[in-house]
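Novice: Have a peek at my_file22.pdb (PDB, C-alpha atoms).
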```
ATOM      1  CA  MET N   1      79.493  58.665  51.361
ATOM      2  CA  THR N   2      77.133  56.311  49.484
ATOM      3  CA  THR N   3      74.268  58.215  47.972
ATOM      4  CA  ALA N   4      70.641  57.327  47.495
ATOM      5  CA  THR N   5      69.227  56.480  44.095
ATOM      6  CA  GLY N   6      69.299  59.433  41.737
ATOM      7  CA  THR N   7      71.972  61.384  43.574
ATOM      8  CA  SER N   8      74.819  62.132  41.195
ATOM      9  CA  THR N   9      77.824  63.336  43.142
ATOM     10  CA  ALA N  10      80.936  61.403  44.152
ATOM     11  CA  THR N  11      83.748  62.811  46.235
ATOM     12  CA  THR N  12      87.151  61.502  47.251
ATOM     13  CA  ALA N  13      87.335  61.211  50.998
ATOM     14  CA  GLY N  14      90.153  62.640  53.025
ATOM     15  CA  THR N  15      91.207  65.302  50.546
ATOM     16  CA  THR N  16      90.246  68.909  50.041
ATOM     17  CA  LYS N  17      91.681  70.067  46.717
ATOM     18  CA  THR N  18      89.585  69.181  43.685
ATOM     19  CA  VAL N  19      91.381  68.649  40.389
ATOM     20  CA  LEU N  20      88.349  67.687  38.290
ATOM     21  CA  GLU N  21      84.748  68.765  38.779
ATOM     22  CA  VAL N  22      81.911  67.648  36.532
ATOM     23  CA  LEU N  23      78.606  69.467  36.939
ATOM     24  CA  GLY N  24      75.269  68.420  35.468
ATOM     25  CA  LEU N  25      76.405  66.812  32.221
ATOM     26  CA  HIS N  26      73.747  65.959  29.664
ATOM     27  CA  ARG N  27      74.271  64.358  26.255
ATOM     28  CA  THR N  28      71.574  62.985  23.978
ATOM     29  CA  TYR N  29      71.703  61.197  20.642
ATOM     30  CA  GLY N  30      68.265  61.488  19.107
ATOM     31  CA  SER N  31      65.894  60.066  21.699
ATOM     32  CA  VAL N  32      68.663  58.340  23.686
ATOM     33  CA  ARG N  33      69.901  60.052  26.845
ATOM     34  CA  ALA N  34      73.498  58.829  26.881
ATOM     35  CA  VAL N  35      74.461  61.067  29.822
ATOM     36  CA  ASP N  36      71.725  62.378  32.073
ATOM     37  CA  ASP N  37      72.600  64.879  34.819
ATOM     38  CA  VAL N  38      75.989  63.437  35.773
ATOM     39  CA  SER N  39      78.077  65.215  38.417
ATOM     40  CA  PHE N  40      81.167  64.170  40.365
ATOM     41  CA  ARG N  41      84.461  65.426  41.758
ATOM     42  CA  LEU N  42      87.979  63.978  41.648
ATOM     43  CA  ALA N  43      90.539  65.031  44.240
ATOM     44  CA  GLU N  44      94.129  65.846  43.357
ATOM     45  CA  GLY N  45      96.021  62.548  43.467
ATOM     46  CA  GLY N  46      92.743  60.648  43.795
ATOM     47  CA  SER N  47      91.413  57.717  41.804
ATOM     48  CA  LEU N  48      87.748  57.559  40.832
ATOM     49  CA  GLY N  49      86.119  54.663  39.007
ATOM     50  CA  ILE N  50      83.090  54.901  36.750
ATOM     51  CA  VAL N  51      81.534  51.478  36.379
ATOM     52  CA  GLY N  52      78.590  50.178  34.408
ATOM     53  CA  GLU N  53      77.609  47.871  31.600
ATOM     54  CA  SER N  54      77.835  48.688  27.912
ATOM     55  CA  GLY N  55      75.488  51.570  27.168
ATOM     56  CA  SER N  56      75.573  52.945  30.702
ATOM     57  CA  GLY N  57      77.087  56.247  29.542
ATOM     58  CA  LYS N  58      80.483  55.868  31.202
ATOM     59  CA  THR N  59      82.581  56.175  28.040
ATOM     60  CA  THR N  60      80.541  59.115  26.720
ATOM     61  CA  THR N  61      81.112  60.849  30.050
ATOM     62  CA  ALA N  62      84.852  60.219  29.762
ATOM     63  CA  ARG N  63      84.983  61.539  26.197
ATOM     64  CA  ILE N  64      83.226  64.731  27.299
ATOM     65  CA  VAL N  65      85.739  65.187  30.126
ATOM     66  CA  VAL N  66      88.643  64.800  27.696
ATOM     67  CA  GLY N  67      87.046  67.050  25.091
ATOM     68  CA  LEU N  68      86.461  64.451  22.387
ATOM     69  CA  GLU N  69      82.724  65.125  22.622
ATOM     70  CA  HIS N  70      80.665  68.106  23.706
ATOM     71  CA  ALA N  71      77.927  68.058  26.314
ATOM     72  CA  ASP N  72      74.508  69.460  25.511
ATOM     73  CA  GLU N  73      74.472  70.913  29.026
ATOM     74  CA  GLY N  74      76.810  70.995  31.999
ATOM     75  CA  ARG N  75      80.359  71.990  32.832
ATOM     76  CA  VAL N  76      83.752  70.330  33.197
ATOM     77  CA  LEU N  77      86.325  72.159  35.334
ATOM     78  CA  ILE N  78      89.989  71.306  35.733
ATOM     79  CA  GLN N  79      91.577  72.943  38.769
ATOM     80  CA  GLY N  80      88.685  75.408  38.721
ATOM     81  CA  ARG N  81      89.029  76.319  35.028
ATOM     82  CA  ASP N  82      86.036  75.704  32.787
ATOM     83  CA  ARG N  83      87.001  73.524  29.823
ATOM     84  CA  GLY N  84      83.948  74.768  27.992
ATOM     85  CA  ASP N  85      85.490  78.205  27.595
ATOM     86  CA  HIS N  86      86.690  78.897  24.064
ATOM     87  CA  ALA N  87      90.463  78.476  23.809
ATOM     88  CA  ARG N  88      91.965  81.216  21.645
ATOM     89  CA  GLY N  89      95.342  80.682  20.023
ATOM     90  CA  LYS N  90      97.589  77.660  19.639
ATOM     91  CA  ALA N  91      99.282  78.085  23.009
ATOM     92  CA  ARG N  92      95.978  78.072  24.894
ATOM     93  CA  ARG N  93      94.681  75.073  22.947
ATOM     94  CA  LEU N  94      97.846  73.128  23.728
ATOM     95  CA  ALA N  95      97.648  74.107  27.390
ATOM     96  CA  ARG N  96      94.069  72.869  27.483
ATOM     97  CA  ALA N  97      95.065  69.592  25.815
ATOM     98  CA  ARG N  98      97.723  69.046  28.479
ATOM     99  CA  GLU N  99      95.204  69.267  31.306
ATOM    100  CA  VAL N 100      93.559  65.904  30.587
ATOM    101  CA  GLN N 101      95.002  62.927  28.718
ATOM    102  CA  MET N 102      93.350  59.634  27.813
ATOM    103  CA  VAL N 103      94.628  56.059  27.571
ATOM    104  CA  PHE N 104      92.429  53.817  25.441
ATOM    105  CA  GLN N 105      91.637  50.116  25.600
ATOM    106  CA  ASP N 106      93.625  49.150  22.500
ATOM    107  CA  PRO N 107      96.998  50.925  22.432
ATOM    108  CA  PHE N 108      97.774  49.501  18.993
ATOM    109  CA  LEU N 109      95.029  51.661  17.475
ATOM    110  CA  SER N 110      96.240  54.798  19.275
ATOM    111  CA  LEU N 111      99.875  54.453  18.152
ATOM    112  CA  ASP N 112     101.182  55.240  14.657
ATOM    113  CA  PRO N 113     102.349  51.874  13.257
ATOM    114  CA  ARG N 114     105.049  53.629  11.176
ATOM    115  CA  THR N 115     106.601  55.547  14.072
ATOM    116  CA  THR N 116     109.015  54.171  16.657
ATOM    117  CA  VAL N 117     108.301  54.623  20.336
ATOM    118  CA  GLY N 118     111.071  57.163  20.769
ATOM    119  CA  ALA N 119     109.936  59.180  17.756
ATOM    120  CA  ALA N 120     106.323  59.206  18.999
ATOM    121  CA  LEU N 121     107.392  60.566  22.366
ATOM    122  CA  ARG N 122     109.719  63.092  20.732
ATOM    123  CA  GLU N 123     106.894  64.339  18.506
ATOM    124  CA  THR N 124     104.611  64.873  21.498
ATOM    125  CA  LEU N 125     107.301  66.660  23.504
ATOM    126  CA  ALA N 126     108.340  68.875  20.585
ATOM    127  CA  LEU N 127     104.737  70.008  20.119
ATOM    128  CA  HIS N 128     104.112  70.897  23.754
ATOM    129  CA  PHE N 129     107.596  71.793  25.023
ATOM    130  CA  PRO N 130     109.685  73.154  22.149
ATOM    131  CA  GLY N 131     113.331  73.727  22.982
ATOM    132  CA  ALA N 132     113.475  71.348  25.939
ATOM    133  CA  ASP N 133     115.899  68.439  26.337
ATOM    134  CA  HIS N 134     113.730  65.831  24.674
ATOM    135  CA  ALA N 135     116.296  63.023  24.679
ATOM    136  CA  ARG N 136     116.626  63.144  28.452
ATOM    137  CA  ARG N 137     112.877  63.402  28.971
ATOM    138  CA  ILE N 138     112.216  60.426  26.685
ATOM    139  CA  THR N 139     114.614  58.329  28.740
ATOM    140  CA  GLU N 140     112.874  59.446  31.943
ATOM    141  CA  LEU N 141     109.416  58.616  30.576
ATOM    142  CA  LEU N 142     110.458  55.177  29.392
ATOM    143  CA  GLU N 143     112.067  54.405  32.731
ATOM    144  CA  GLN N 144     108.938  55.618  34.511
ATOM    145  CA  VAL N 145     106.823  53.005  32.705
ATOM    146  CA  GLY N 146     109.400  50.224  32.886
ATOM    147  CA  LEU N 147     110.773  50.411  29.328
ATOM    148  CA  GLY N 148     114.238  51.145  27.947
ATOM    149  CA  SER N 149     116.286  51.979  24.869
ATOM    150  CA  ARG N 150     115.363  48.727  23.126
ATOM    151  CA  GLU N 151     111.683  49.629  23.195
ATOM    152  CA  ALA N 152     112.485  53.212  22.184
ATOM    153  CA  ASP N 153     113.742  51.958  18.814
ATOM    154  CA  ALA N 154     110.847  49.562  18.260
ATOM    155  CA  LEU N 155     107.702  49.957  16.185
ATOM    156  CA  PRO N 156     104.365  49.227  17.881
ATOM    157  CA  ARG N 157     103.984  45.879  16.079
ATOM    158  CA  GLN N 158     107.269  44.719  17.594
ATOM    159  CA  LEU N 159     105.951  45.150  21.140
ATOM    160  CA  SER N 160     103.631  43.078  23.293
ATOM    161  CA  GLY N 161     100.209  44.367  24.305
ATOM    162  CA  GLY N 162     101.481  45.257  27.759
ATOM    163  CA  GLN N 163     104.478  47.101  26.336
ATOM    164  CA  ARG N 164     102.274  49.065  23.959
ATOM    165  CA  GLN N 165     100.029  50.091  26.835
ATOM    166  CA  ARG N 166     103.103  51.259  28.746
ATOM    167  CA  VAL N 167     104.038  53.375  25.724
ATOM    168  CA  ALA N 168     100.539  54.866  25.620
ATOM    169  CA  ILE N 169     100.815  55.751  29.308
ATOM    170  CA  ALA N 170     104.264  57.304  28.776
ATOM    171  CA  ARG N 171     102.951  59.424  25.913
ATOM    172  CA  ALA N 172     100.055  60.635  28.058
ATOM    173  CA  LEU N 173     102.392  61.465  30.948
ATOM    174  CA  ALA N 174     104.759  63.340  28.628
ATOM    175  CA  VAL N 175     102.565  66.454  28.708
ATOM    176  CA  GLU N 176     102.271  66.380  32.529
ATOM    177  CA  PRO N 177      98.461  66.229  32.762
ATOM    178  CA  ALA N 178      96.477  66.938  35.890
ATOM    179  CA  VAL N 179      94.051  64.102  35.088
ATOM    180  CA  LEU N 180      94.580  60.796  33.314
ATOM    181  CA  VAL N 181      91.453  59.133  31.945
ATOM    182  CA  LEU N 182      91.819  55.370  31.493
ATOM    183  CA  ASP N 183      89.053  53.924  29.329
ATOM    184  CA  GLU N 184      89.067  50.127  29.827
ATOM    185  CA  ALA N 185      92.847  50.503  29.733
ATOM    186  CA  VAL N 186      93.614  46.953  30.873
ATOM    187  CA  ALA N 187      90.582  45.125  29.456
ATOM    188  CA  ALA N 188      92.455  43.795  26.390
ATOM    189  CA  LEU N 189      95.423  42.454  28.388
ATOM    190  CA  ASP N 190      96.094  39.063  29.933
ATOM    191  CA  VAL N 191      95.364  38.888  33.652
ATOM    192  CA  SER N 192      99.045  38.770  34.642
ATOM    193  CA  VAL N 193      99.812  41.763  32.416
ATOM    194  CA  GLN N 194      96.795  43.606  33.819
ATOM    195  CA  ALA N 195      98.285  43.273  37.282
ATOM    196  CA  GLN N 196     101.612  44.686  36.078
ATOM    197  CA  ILE N 197      99.956  47.708  34.461
ATOM    198  CA  LEU N 198      97.752  48.364  37.497
ATOM    199  CA  ASN N 199     100.786  48.201  39.780
ATOM    200  CA  LEU N 200     102.576  50.590  37.440
ATOM    201  CA  LEU N 201      99.662  53.034  37.541
ATOM    202  CA  PHE N 202      99.597  52.863  41.343
ATOM    203  CA  ASP N 203     103.308  53.716  41.497
ATOM    204  CA  ILE N 204     102.924  56.603  39.041
ATOM    205  CA  ARG N 205     100.086  58.102  41.057
ATOM    206  CA  GLU N 206     102.194  57.865  44.204
ATOM    207  CA  GLN N 207     105.120  59.587  42.456
ATOM    208  CA  THR N 208     103.286  62.332  40.578
ATOM    209  CA  GLY N 209     100.026  63.096  42.391
ATOM    210  CA  ILE N 210      98.106  62.800  39.119
ATOM    211  CA  GLY N 211      94.351  62.150  39.344
ATOM    212  CA  TYR N 212      92.929  59.027  37.710
ATOM    213  CA  LEU N 213      89.496  58.559  36.188
ATOM    214  CA  PHE N 214      89.011  54.831  35.520
ATOM    215  CA  ILE N 215      86.283  53.816  33.085
ATOM    216  CA  THR N 216      85.625  50.104  33.390
ATOM    217  CA  HIS N 217      83.086  47.307  33.610
ATOM    218  CA  ASP N 218      85.513  45.235  35.718
ATOM    219  CA  LEU N 219      84.708  45.442  39.421
ATOM    220  CA  GLY N 220      88.010  43.738  40.217
ATOM    221  CA  VAL N 221      89.882  46.670  38.679
ATOM    222  CA  VAL N 222      87.675  49.125  40.551
ATOM    223  CA  ARG N 223      88.338  47.350  43.830
ATOM    224  CA  CYS N 224      92.118  47.348  43.316
ATOM    225  CA  VAL N 225      92.872  50.813  42.019
ATOM    226  CA  THR N 226      90.156  53.320  42.955
ATOM    227  CA  ASP N 227      89.425  55.283  46.108
ATOM    228  CA  ASP N 228      85.864  56.073  45.099
ATOM    229  CA  VAL N 229      83.389  54.751  42.568
ATOM    230  CA  ILE N 230      80.245  55.853  40.803
ATOM    231  CA  VAL N 231      77.866  53.347  39.261
ATOM    232  CA  MET N 232      76.074  54.359  36.057
ATOM    233  CA  ARG N 233      73.009  52.902  34.424
ATOM    234  CA  SER N 234      71.220  54.278  31.361
ATOM    235  CA  GLY N 235      73.162  57.524  31.502
ATOM    236  CA  ARG N 236      72.544  58.259  35.173
ATOM    237  CA  ILE N 237      74.520  57.755  38.377
ATOM    238  CA  VAL N 238      72.583  55.358  40.598
ATOM    239  CA  GLU N 239      75.121  54.992  43.415
ATOM    240  CA  SER N 240      78.405  56.532  44.515
ATOM    241  CA  GLY N 241      80.822  56.572  47.418
ATOM    242  CA  PRO N 242      84.083  55.112  48.730
ATOM    243  CA  THR N 243      84.886  52.028  46.675
ATOM    244  CA  GLN N 244      85.228  49.548  49.518
ATOM    245  CA  GLN N 245      81.981  50.734  51.089
ATOM    246  CA  VAL N 246      79.970  50.563  47.867
ATOM    247  CA  LEU N 247      81.274  47.119  46.939
ATOM    248  CA  ALA N 248      80.872  45.724  50.454
ATOM    249  CA  ASP N 249      77.402  47.137  51.080
ATOM    250  CA  PRO N 250      75.749  48.191  47.803
ATOM    251  CA  GLN N 251      72.526  50.121  48.286
ATOM    252  CA  HIS N 252      71.116  50.113  44.744
ATOM    253  CA  PRO N 253      69.697  46.940  43.135
ATOM    254  CA  TYR N 254      71.717  47.573  39.979
ATOM    255  CA  THR N 255      74.988  47.714  41.920
ATOM    256  CA  ARG N 256      74.051  44.450  43.624
ATOM    257  CA  LEU N 257      73.274  42.947  40.223
ATOM    258  CA  LEU N 258      76.695  43.943  38.885
ATOM    259  CA  LEU N 259      78.383  42.287  41.852
ATOM    260  CA  GLU N 260      76.259  39.154  41.513
ATOM    261  CA  SER N 261      77.104  38.971  37.795
ATOM    262  CA  VAL N 262      80.788  38.251  38.499
ATOM    263  CA  PRO N 263      81.363  34.504  37.836
ATOM    264  CA  ARG N 264      82.177  32.474  40.954
ATOM    265  CA  PRO N 265      81.415  29.024  42.412
ATOM    266  CA  GLY N 266      77.673  28.473  42.386
ATOM    267  CA  TRP N 267      77.085  31.311  39.944
ATOM    268  CA  ASP N 268      73.818  30.922  38.021
ATOM    269  CA  PRO N 269      73.707  33.015  34.830
ATOM    270  CA  ARG N 270      70.006  32.264  34.322
ATOM    271  CA  SER N 271      69.047  33.822  37.642
ATOM    272  CA  ILE N 272      71.226  36.836  36.857
ATOM    273  CA  ALA N 273      69.510  37.250  33.492
ATOM    274  CA  ALA N 274      66.093  37.026  35.172
ATOM    275  CA  ALA N 275      67.128  39.619  37.767
ATOM    276  CA  ARG N 276      68.319  41.956  35.007
ATOM    277  CA  ARG N 277      64.994  41.682  33.188
ATOM    278  CA  ALA N 278      63.104  42.410  36.395
ATOM    279  CA  LEU N 279      65.189  45.461  37.322
TER     280      LEU N 279
END
```
The structure given in the file should be rewritten as structure tokens.

Specialist:
Amino acid sequence: MTTATGTSTATTAGTTKTVLEVLGLHRTYGSVRAVDDVSFRLAEGGSLGIVGESGSGKTTTARIVVGLEHADEGRVLIQGRDRGDHARGKARRLARAREVQMVFQDPFLSLDPRTTVGAALRETLALHFPGADHARRITELLEQVGLGSREADALPRQLSGGQRQRVAIARALAVEPAVLVLDEAVAALDVSVQAQILNLLFDIREQTGIGYLFITHDLGVVRCVTDDVIVMRSGRIVESGPTQQVLADPQHPYTRLLLESVPRPGWDPRSIAAARRAL
């Protein structure tokens, strides 16, 4: 369902069980309202995109969902559990960390350059699942993302950008999260590699039922990999609904502007700039 301007709820059609619910998030930095009354739901096994230009509030929203930042107001619930509740004890904190994992734009910065792929996965597994068969699980994770023993023995600098992103995805999947947040996760990759990673993510979602929250400025990515989308501008949701519906028949001028900003034959950047100033 596409909403009118100012409405701030997105739902995944055709499903009933909600894995992630965000209610009335607010976050300010001085006089800047980075996130202003943002609410949405993500269904189990669903894929929701948050799209907007730089400064729209999409990444701040994602960081609040993961727990890297705190909201001034609002709630984030995973499978009905409030992530704002104080987690007492190491076991509870680890359980909370497993609920939501994040894959960043630049995997090189999120991987320890001194640690091999296999050792990085082993460290994560040992922290969250002590006593388990880590060697077997590492092999399973690498196979799941299309890597093997050669990559397991490699350092991050010895891998391509696409391979490093596969490692980052494997490390996130290692803790069996309910939600995977992907913050511009393919933006730094070549187009052909982007397609490979997006296909991989599609297969993983089919296999595991994990919920995806895609943070991106790329409407092509949104079109390919999300069921639903919310459009953010200046911290607020201006439009939301099923992805194909929103992109085919955008109701808000800002959504139309984003679509018109995609380069194509006959594209006129001056008219786009004028439209942005007038909005």

Novice: Report as CSV the residues of range 53-162 of chain N within 10 Å of range 214-227 of chain N, each with its shortest atom pair and distance in Å (one decimal), using only C-alpha atoms, ordered by chain and increasing residue number.

Specialist:
```
residue,atom,partner,partner_atom,distance
N:Glu53,CA,N:His217,CA,5.9
N:Ser54,CA,N:His217,CA,7.9
N:Ser56,CA,N:His217,CA,9.8
N:Lys58,CA,N:Ile215,CA,6.4
N:Thr59,CA,N:Ile215,CA,6.7
N:Thr61,CA,N:Ile215,CA,9.2
N:Ala62,CA,N:Ile215,CA,7.4
N:Val103,CA,N:Phe214,CA,9.8
N:Phe104,CA,N:Ile215,CA,9.8
N:Gln105,CA,N:Thr216,CA,9.8
```

Novice: Next, dump the selected residues to file, keeping only C-alpha atoms, as a PDB file, in the coordinates of the input.

Specialist:
```pdb
ATOM      1  CA  GLU N  53      77.609  47.871  31.600  1.00  0.00           C
ATOM      2  CA  SER N  54      77.835  48.688  27.912  1.00  0.00           C
ATOM      3  CA  SER N  56      75.573  52.945  30.702  1.00  0.00           C
ATOM      4  CA  LYS N  58      80.483  55.868  31.202  1.00  0.00           C
ATOM      5  CA  THR N  59      82.581  56.175  28.040  1.00  0.00           C
ATOM      6  CA  THR N  61      81.112  60.849  30.050  1.00  0.00           C
ATOM      7  CA  ALA N  62      84.852  60.219  29.762  1.00  0.00           C
ATOM      8  CA  VAL N 103      94.628  56.059  27.571  1.00  0.00           C
ATOM      9  CA  PHE N 104      92.429  53.817  25.441  1.00  0.00           C
ATOM     10  CA  GLN N 105      91.637  50.116  25.600  1.00  0.00           C
TER      11      GLN N 105
END
```

Novice: My list of candidates is N:Arg205, N:Arg114, N:Arg171, N:Lys17. Which is closest to Gln101 in chain N when distances are computed with all atoms listed in the file?

Specialist: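 For Gln101 in chain N, the nearest of the candidates is N:Arg171.
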
Novice: Pick out the residues sitting within 6 Å of Leu42 in chain N, and hand them over as a PyMOL selection string; count all atoms listed in the file, and ignore anything fewer than 5 positions along from it in its own chain.

Specialist: chain N and resi 18-20

Novice: Between N:Glu73, N:Asp82, N:Asp203, N:Asp37, which one has atoms that come closest to Val145 in chain N, using all atoms listed in the file?

Specialist: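 That would be N:Asp203, the residue with the smallest distance to Val145 in chain N.
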
Novice: Let me make sure I understand: among N:Leu94, N:Ile204, N:Leu68, N:Gly55, which one has the smallest atom-to-atom distance to Ala126 in chain N if we use all atoms listed in the file?

Specialist: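 Nearest to Ala126 in chain N: N:Leu94.
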
Novice: As a check of understanding, name the residues that the PyMOL selection byres ((chain N and resi 38) around 8) selects in the supplied structure, as a ChimeraX atom specification.

Specialist: /N:8-9,22-26,35-37,39-40,235-237

Novice: Expanded to explicit residues, what is the PyMOL selection byres ((chain N and resi 186) around 10) for this file, as number ranges by chain?

Specialist: N: 103-107, 161-162, 165, 182-185, 187-191, 193-198, 216, 218, 221
